[in-house]
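A short worksheet on the structure shown next.
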Amino acid sequence: MPQPDDFVHPFAQVALANITRDYPYAAHHVTRSADDIVEPREKNPAFANSFDWHSSVHMHFLLVSLLSTETAQTAPWRDEAIDTLSAHLSREKLTAEAAFLRENPTWERPYGWAWAVELVRALKVSTEPRMRDLAPGAEVLAQTVFDLTVAWLPKMAVPVRHGLHSNTAFGLRRILLGARVLERHDIVDAIAASARRCFSDDHAWNFHQERSGQDFLSPGLCEADLMAEVLTEDELAVWLPDFLSELTPESPALKPVEVLDPTDGYQSHLYGLGLSVAASLMRLAPKLLSSAEHSGNHEVADHAKGFLTTVDRLMAPGIEAAVSDEYMASHWVATFAWEALELRVK
């Protein structure tokens with residue numbers, strides 16, 4: 001399997017191309033009157049590119065993240081990346097994006113919200129000073145998401161449990177991680193309480209029937225990822241092996257699904273599925289091993305080790321698609337590929 005350094009340049013080039021490409025663009029907005037029919041950039045001055053708003057946000061996040069790598073320090077695209085990000089992520093433009101979220105409080109919930117928080121977190125922890133300089137002006141975006149999240153959670157009767165953008169656990173985990181960095185302890189507590197309410201009684205997730213033809217997330221593994229952030233070590237040692245008890249290294253859920261039509265934007269989600277599953281396995285396997293050590297459960301330990309043997313095969317199709325000429329994959333997949341590649345070398 002290639003190393004992350006091998007992909008800094010190609011992923012940066014993909015990200016730069018995406019965040020400077022205005023069309024095609026899918027604007028998923030409710031049109032309330034003819035006045036709403038305007039160019040995307042009039043509504044979303046920072047993120048009217050990379051096919052849709054959430055992909056634009058996480059492609060900006062990817063480029064910010066890549067700038068912190070050693071490989072990027074002498075890269076020929078470095079100055080262009082910094083100039084482009086500085087122009088797009090200005091205080092003025094992100095204040096306008098935050099206002100749009102407040103005016104449309106269910107839009108991009110929770111997937112786009114989650115990536116907006118991830119972007120602000122990446123700016124704040126960047127090793128590039130000019131990216132860190134953008135963080136104070138960008139915080140309005142994260143704080144808006146936090147406020148929308150804390151208003152939404154009490155009204156959420158049940159979570160969304162499927163493998164697409166509205167998956168509750170995927171979004172909440174990333175918002176929680178950003179809230180920790182930005183010291184919004186009220187948001188951390190609210191998400192933890194909602195996660196416990198929604199998921200703590202779950203057990204023996206049915207991974208055999210989980211997949212559908214346009215998933216890019218594993219609902220079960222997203223839930224496990226969230227609960228791994230919320231439960232205490234002792235609680236997780238009991239909950240996690242039970243919840244994952246139906247998952248084995250041989251499960252169909254841990255095999256890549258062939259994409260028969262890469263031009264189909266929904267089917268191309270399956271590239272991301274392999275990558276997101278691999279990332280979850282790499283986060284969760286060490287926690288399973290830790291619980292197995294305490295309990296002496298050799299079967300759990302064997303499964304955890306076996307999960308890691310599936311990672312390379314799961315990742316391979318998505319890594320290739322991330323830098324392909326097929327825009328339905330290349331406008332978004334590289335973000336998921338980079339996360340998995342970074343986890344693989346830890």
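Chain labels run A, B, ... following the order of the structure tokens; each chain numbers its residues from 1, and ligands are numbered from 1 in the order shown.
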Residue list (alpha helix (DSSP H), DSSP) for region 68-174 of chain A, as a count of residues only: 68
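Using only C-alpha atoms, the protein and nucleic acid residues lying no more than 10 Å from Tyr271 (chain A), apart from those fewer than 2 places from it along its own chain, are Gln214, Asp215, Phe216, Pro256, Val257, Glu258, Val259, Pro262, Gln267, Ser268, His269, Leu273, Gly274, Leu275, Ser276, Leu314, Met315, Ala316, Pro317, Gly318, Ile319, Glu320, Ala321, Ala322, Ala329, Val333, Phe336 and Ala337 of chain A.
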Within 9 Å of Leu240 (chain A) using only C-alpha atoms, minus same-chain residues under 3 positions, as a PyMOL selection string: chain A and resi 203+224+227-228+235-237+243-245+284+287-288+291
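Near Leu134 (chain A), within 12 Å and counting only C-alpha atoms, sit Val64, Ile82, Asp83, Leu85, Ser86, Ala87, His88, Leu89, Ser90, Arg91, Glu92, Lys93, Leu94, Leu119, Val120, Arg121, Ala122, Leu123, Lys124, Val125, Ser126, Glu128, Val140 and Leu141 of chain A; same-chain residues fewer than 6 positions away were not included.
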Best match for closeness to Ser50 (chain A) among A:Val345, A:Ala334, A:Leu260, A:Leu67, counting only C-alpha atoms: A:Ala334
Pick from A:Lys346, A:Arg196, A:Arg184, A:Arg78, whichever lies nearest to Leu66 (chain A) using only C-alpha atoms: A:Arg78
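With only C-alpha atoms as the atoms that count, the minimum distance from Glu70 (chain A) to the choices A:Trp107, A:Tyr25, A:Val277, A:Pro4 is reached by A:Pro4.
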Neighbour list for Arg102 (chain A) as a PyMOL selection string, cut-off 9 Å, only C-alpha atoms, skip fewer than 3 positions in-chain: chain A and resi 97-99+105-106+144-145+148
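In this structure, CA of Ser251 (chain A) sits 10.4 Å away from CA of Gln209 (chain A).
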Best match for closeness to Tyr327 (chain A) among A:Lys155, A:His58, A:Arg21, A:His9, counting only C-alpha atoms: A:Arg21
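Between Ala81 (chain A) and the candidates A:Val14, A:Ile37, A:Val30, A:Ala96, the tightest atom-to-atom separation, counting only C-alpha atoms, involves A:Val14.
In this comparison, which uses only C-alpha atoms, the residue of A:Ala192, A:Val311, A:Val38, A:Ala15 approaching Thr232 (chain A) most closely is A:Ala192.
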